[in-house]
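Okay, protein_15.csv is below, CSV, C-alpha atoms:
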```csv
chain,number,residue,atom,x,y,z
C,1,MET,CA,2.9,14.3,25.2
C,2,ILE,CA,3.3,15.1,21.5
C,3,GLU,CA,3.1,18.7,20.5
C,4,LEU,CA,0.3,19.7,18.2
C,5,PRO,CA,2.5,21.2,15.5
C,6,THR,CA,4.6,18.1,15.4
C,7,LEU,CA,1.5,15.9,15.2
C,8,LEU,CA,0.1,18.0,12.3
C,9,ALA,CA,3.3,18.0,10.4
C,10,PHE,CA,3.6,14.2,10.7
C,11,THR,CA,0.0,13.7,9.6
C,12,LEU,CA,0.5,15.8,6.5
C,13,LEU,CA,3.7,14.1,5.6
C,14,ASN,CA,2.1,10.7,6.0
C,15,MET,CA,-0.9,11.6,3.9
C,16,SER,CA,1.4,12.9,1.2
C,17,PHE,CA,3.3,9.5,1.4
C,18,ALA,CA,-0.1,7.7,0.9
C,19,LEU,CA,-0.7,9.6,-2.3
C,20,ILE,CA,2.5,8.5,-3.9
C,21,PRO,CA,1.7,5.9,-6.7
C,22,GLY,CA,2.7,2.5,-5.6
C,23,PRO,CA,1.4,-1.1,-5.0
C,24,ASP,CA,-1.2,0.2,-2.5
C,25,VAL,CA,-2.7,2.8,-4.8
C,26,ILE,CA,-2.7,0.4,-7.8
C,27,CYS,CA,-4.5,-2.4,-5.7
C,28,ILE,CA,-7.1,0.1,-4.4
C,29,LEU,CA,-7.9,1.5,-7.8
C,30,SER,CA,-7.9,-1.8,-9.7
C,31,ASN,CA,-10.3,-3.4,-7.2
C,32,SER,CA,-12.6,-0.4,-6.7
C,33,VAL,CA,-13.0,0.0,-10.5
C,34,SER,CA,-13.4,-3.7,-11.4
C,35,ARG,CA,-15.3,-4.8,-8.3
C,36,GLY,CA,-16.8,-1.6,-6.9
C,37,ALA,CA,-15.9,0.9,-4.2
C,38,PRO,CA,-16.6,-1.7,-1.3
C,39,ALA,CA,-13.8,-3.9,-2.7
C,40,GLY,CA,-11.5,-0.9,-2.7
C,41,ALA,CA,-12.5,-0.3,0.9
C,42,GLN,CA,-11.6,-3.9,1.7
C,43,VAL,CA,-8.1,-3.3,0.2
C,44,CYS,CA,-7.8,-0.2,2.5
C,45,ALA,CA,-8.7,-2.4,5.5
C,46,GLY,CA,-6.0,-4.9,4.5
C,47,ILE,CA,-3.5,-2.1,4.2
C,48,ALA,CA,-4.4,-0.7,7.6
C,49,CYS,CA,-4.0,-4.1,9.3
C,50,ALA,CA,-0.6,-4.5,7.6
C,51,ALA,CA,0.4,-1.0,8.6
C,52,LEU,CA,-0.6,-1.8,12.2
C,53,VAL,CA,2.0,-4.7,12.1
C,54,HIS,CA,4.6,-2.3,10.6
C,55,ALA,CA,3.9,0.3,13.3
C,56,GLY,CA,4.2,-2.3,16.1
C,57,ALA,CA,7.4,-3.7,14.6
C,58,ALA,CA,8.9,-0.2,14.4
C,59,THR,CA,7.9,0.4,18.0
C,60,PHE,CA,9.5,-2.8,19.3
C,61,GLY,CA,12.6,-2.5,17.1
C,62,ILE,CA,12.0,-5.3,14.7
C,63,THR,CA,12.2,-2.9,11.7
C,64,ALA,CA,15.6,-1.7,12.9
C,65,PHE,CA,16.7,-5.4,12.9
C,66,LEU,CA,15.5,-5.8,9.3
C,67,ALA,CA,17.4,-2.7,8.2
C,68,SER,CA,20.6,-3.7,10.0
C,69,VAL,CA,20.7,-7.4,9.0
C,70,PRO,CA,21.2,-7.7,5.2
C,71,THR,CA,20.0,-11.3,5.0
C,72,ALA,CA,16.7,-10.6,6.7
C,73,PHE,CA,16.1,-7.5,4.6
C,74,VAL,CA,16.8,-9.5,1.4
C,75,VAL,CA,14.4,-12.3,2.3
C,76,VAL,CA,11.6,-9.9,3.1
C,77,LYS,CA,12.1,-7.7,0.0
C,78,THR,CA,12.4,-10.8,-2.3
C,79,ILE,CA,9.1,-12.3,-1.1
C,80,GLY,CA,7.5,-8.9,-1.6
C,81,ALA,CA,9.0,-8.5,-5.0
C,82,ILE,CA,7.8,-12.0,-6.1
C,83,TYR,CA,4.3,-11.2,-4.9
C,84,LEU,CA,4.1,-7.9,-6.7
C,85,CYS,CA,5.3,-9.5,-9.9
C,86,TRP,CA,2.8,-12.4,-9.6
C,87,LEU,CA,-0.1,-10.0,-9.0
C,88,GLY,CA,1.1,-7.8,-11.9
C,89,TRP,CA,1.3,-10.9,-14.2
C,90,GLN,CA,-2.2,-11.9,-13.3
C,91,MET,CA,-3.5,-8.5,-14.3
C,92,LEU,CA,-1.5,-8.6,-17.5
C,93,ARG,CA,-2.6,-12.1,-18.5
C,94,SER,CA,-6.3,-11.8,-17.6
C,95,PRO,CA,-7.3,-8.2,-17.0
C,96,ALA,CA,-10.6,-7.9,-15.1
C,97,SER,CA,-13.6,-6.7,-16.9
C,98,VAL,CA,-16.1,-4.0,-15.7
C,99,THR,CA,-19.6,-5.2,-15.4
C,100,ALA,CA,-22.8,-3.7,-13.9
C,101,GLU,CA,-22.5,-6.1,-11.0
C,102,PRO,CA,-19.4,-6.2,-8.8
C,103,SER,CA,-17.2,-8.9,-10.4
C,104,ARG,CA,-15.5,-11.9,-8.8
C,105,ASN,CA,-12.4,-13.3,-10.2
C,106,ARG,CA,-9.7,-15.9,-9.3
C,107,ARG,CA,-7.3,-13.4,-7.8
C,108,ALA,CA,-6.8,-13.1,-4.0
C,109,SER,CA,-9.5,-11.3,-2.1
C,110,PRO,CA,-9.2,-7.5,-2.0
C,111,PHE,CA,-8.4,-7.5,1.7
C,112,ALA,CA,-5.6,-10.1,1.2
C,113,GLN,CA,-4.2,-8.1,-1.7
C,114,GLY,CA,-3.9,-5.0,0.4
C,115,ALA,CA,-2.6,-6.7,3.4
C,116,VAL,CA,0.1,-8.8,1.7
C,117,SER,CA,1.3,-6.1,-0.7
C,118,ASN,CA,1.7,-3.7,2.2
C,119,LEU,CA,3.1,-6.2,4.7
C,120,LEU,CA,5.8,-7.5,2.3
C,121,ASN,CA,6.9,-4.0,1.2
C,122,PRO,CA,10.2,-3.3,3.1
C,123,LYS,CA,10.0,0.3,2.1
C,124,VAL,CA,6.9,0.8,4.2
C,125,ALA,CA,8.7,-0.7,7.2
C,126,LEU,CA,11.7,1.5,6.6
C,127,PHE,CA,9.4,4.6,6.4
C,128,PHE,CA,8.4,3.9,10.0
C,129,LEU,CA,12.1,3.4,10.9
C,130,ALA,CA,13.5,6.5,9.1
C,131,ILE,CA,10.7,9.0,9.3
C,132,LEU,CA,8.7,8.3,12.5
C,133,PRO,CA,11.7,8.6,14.9
C,134,GLN,CA,12.4,12.2,13.7
C,135,PHE,CA,9.1,13.2,15.2
C,136,ILE,CA,9.8,11.7,18.7
C,137,ASN,CA,11.1,14.0,21.4
C,138,PRO,CA,12.4,12.0,24.4
C,139,SER,CA,12.2,15.1,26.6
C,140,LEU,CA,8.4,15.0,26.3
C,141,GLY,CA,7.9,11.5,27.7
C,142,ASN,CA,8.1,7.8,26.9
C,143,PRO,CA,9.6,7.4,23.4
C,144,GLY,CA,7.9,4.1,22.9
C,145,LEU,CA,4.5,5.5,23.7
C,146,GLN,CA,5.1,8.4,21.3
C,147,ALA,CA,6.0,6.0,18.6
C,148,ALA,CA,2.8,4.0,19.2
C,149,ILE,CA,0.7,7.2,19.0
C,150,LEU,CA,2.4,8.3,15.8
C,151,GLY,CA,1.9,4.9,14.4
C,152,LEU,CA,-1.8,5.0,15.0
C,153,VAL,CA,-2.0,8.5,13.6
C,154,SER,CA,-0.1,7.3,10.5
C,155,ILE,CA,-2.6,4.4,10.0
C,156,ALA,CA,-5.6,6.7,10.5
C,157,SER,CA,-4.5,9.4,8.1
C,158,GLY,CA,-3.2,6.9,5.5
C,159,THR,CA,-6.5,5.0,5.6
C,160,ALA,CA,-8.4,8.3,5.1
C,161,VAL,CA,-6.5,9.0,2.0
C,162,ASN,CA,-6.8,5.4,0.8
C,163,LEU,CA,-10.6,5.5,1.3
C,164,CYS,CA,-10.8,8.6,-0.8
C,165,THR,CA,-8.8,6.8,-3.6
C,166,ALA,CA,-11.3,3.9,-3.4
C,167,ALA,CA,-14.2,6.3,-3.6
C,168,LEU,CA,-12.7,7.9,-6.7
C,169,GLY,CA,-12.2,4.5,-8.2
C,170,GLY,CA,-15.8,3.6,-7.5
C,171,ARG,CA,-17.0,6.7,-9.3
C,172,ALA,CA,-14.7,6.0,-12.3
C,173,ARG,CA,-16.3,2.6,-12.5
C,174,HIS,CA,-19.5,4.1,-13.7
C,175,TRP,CA,-17.7,5.9,-16.5
C,176,LEU,CA,-15.7,2.8,-17.5
C,177,LEU,CA,-18.9,0.7,-17.8
C,178,ALA,CA,-19.3,2.3,-21.2
C,179,LYS,CA,-15.5,1.9,-22.0
C,180,PRO,CA,-14.6,-1.7,-21.2
C,181,ARG,CA,-11.6,-1.8,-23.6
C,182,PHE,CA,-10.1,1.3,-21.9
C,183,PHE,CA,-10.3,-0.4,-18.5
C,184,GLN,CA,-8.7,-3.5,-19.8
C,185,ARG,CA,-5.8,-1.4,-21.0
C,186,PHE,CA,-5.7,0.3,-17.5
C,187,GLN,CA,-5.5,-3.1,-15.9
C,188,GLN,CA,-2.7,-4.2,-18.2
C,189,PHE,CA,-0.9,-0.9,-17.5
C,190,SER,CA,-1.4,-1.5,-13.8
C,191,GLY,CA,0.0,-5.0,-14.1
C,192,ALA,CA,3.1,-3.8,-15.9
C,193,ALA,CA,3.5,-1.1,-13.2
C,194,LEU,CA,3.3,-3.7,-10.4
C,195,ILE,CA,5.9,-5.9,-12.2
C,196,GLY,CA,8.1,-2.8,-12.5
C,197,LEU,CA,7.7,-2.0,-8.8
C,198,GLY,CA,8.5,-5.6,-8.0
C,199,VAL,CA,11.7,-5.4,-9.9
C,200,LYS,CA,12.5,-2.1,-8.3
C,201,VAL,CA,12.0,-3.6,-4.8
C,202,ALA,CA,14.1,-6.6,-5.7
C,203,LEU,CA,17.0,-4.3,-6.8
C,204,GLU,CA,16.9,-1.9,-3.9
C,205,ARG,CA,19.3,-2.1,-0.9
C,206,ALA,CA,18.7,-1.3,2.7
C,207,ARG,CA,20.0,2.1,3.7
```

So that I can check it, write out the structure of this file as structure tokens.
Amino acid sequence: MIELPTLLAFTLLNMSFALIPGPDVICILSNSVSRGAPAGAQVCAGIACAALVHAGAATFGITAFLASVPTAFVVVKTIGAIYLCWLGWQMLRSPASVTAEPSRNRRASPFAQGAVSNLLNPKVALFFLAILPQFINPSLGNPGLQAAILGLVSIASGTAVNLCTAALGGRARHWLLAKPRFFQRFQQFSGAALIGLGVKVALERAR
């Protein structure tokens, strides 16, 4: 139904999108370094579940509704911006420490962090709306089925990239055990970046 070159091009584009620094990457790295690679994998699972919601919404036209109705878009992006700023403030105020045993802190679970930050990011929803339809060819069959297949491919390829990021964070954890002050600075930098991203999301307009 979907031609192989089209599928490969979409997969590569989606994997490149997953590598762009943003809330997902920051959440994966901060959790995998402070809590261990399994925590980073939990963030990846949360992101994948949220992406499944985005893909389903795009397939059934809900994303188009958010993009076309200014009030709905503003509500979603405002909630997302507030969450990013809150999470960033937590990291700034009390940066997690690196210990030999995976740490537990008062923040939301890694799975919840990944799911909420991805679910409330309107730019992810608009990615499915703006990019995914360009790879659908109505002459090849049911457009809705094509959108569903591309959505699953997007989730699978994005999760593969995210798991690699979590693995790298887990390896960096061992190095940072000897440099706890450096990791605290990393946490604070990540927190500031999340706040900046939250402000950016809040100021953006639907296109």

message: When you count all atoms listed in the file, which of these residues is closest to His174 (chain C): C:Leu87, C:Ile28, C:Ala37, C:Leu52?
response: C:Ala37

Can you write out as CSV which residues of region 88-186 of chain C fall within 8 Å of region 46-50 of chain C, alongside each residue's closest atom pair and its distance in Å to one decimal, counting all atoms listed in the file and ordering rows by chain and ascending residue number?
```
residue,atom,partner,partner_atom,distance
C:Pro110,CA,C:Gly46,CA,7.7
C:Phe111,CA,C:Gly46,CA,4.5
C:Ala112,CA,C:Gly46,CA,6.2
C:Gln113,CA,C:Gly46,CA,7.2
C:Gly114,CA,C:Gly46,CA,4.6
C:Ala115,CA,C:Gly46,CA,4.0
C:Val116,CA,C:Ala50,CA,7.3
C:Ser117,CA,C:Ile47,CA,7.9
C:Asn118,CA,C:Ile47,CA,5.8
C:Leu119,CA,C:Ala50,CA,5.0
C:Ile155,CA,C:Ala48,CA,5.9
C:Gly158,CA,C:Ala48,CA,8.0
C:Thr159,CA,C:Ala48,CA,6.4
```

field: Long-range neighbours of Gly198 (chain C) as a PyMOL selection string, 12 Å cut-off, only C-alpha atoms, 6 positions minimum in chain
entry: chain C and resi 22-23+77-89+117+120-123+191-192+204

task: Just give me the gap between CA of Ala160 (chain C) and CA of Leu29 (chain C) in Å, one decimal is fine.
output: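 According to the coordinates, CA of Ala160 (chain C) and CA of Leu29 (chain C) are separated by 14.6 Å.
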
task: Select, from C:Ala9, C:Ala178, C:Val53, C:Ala45, the residue with the minimum atom-to-atom distance to Cys27 (chain C), counting all atoms listed in the file.
output: C:Ala45
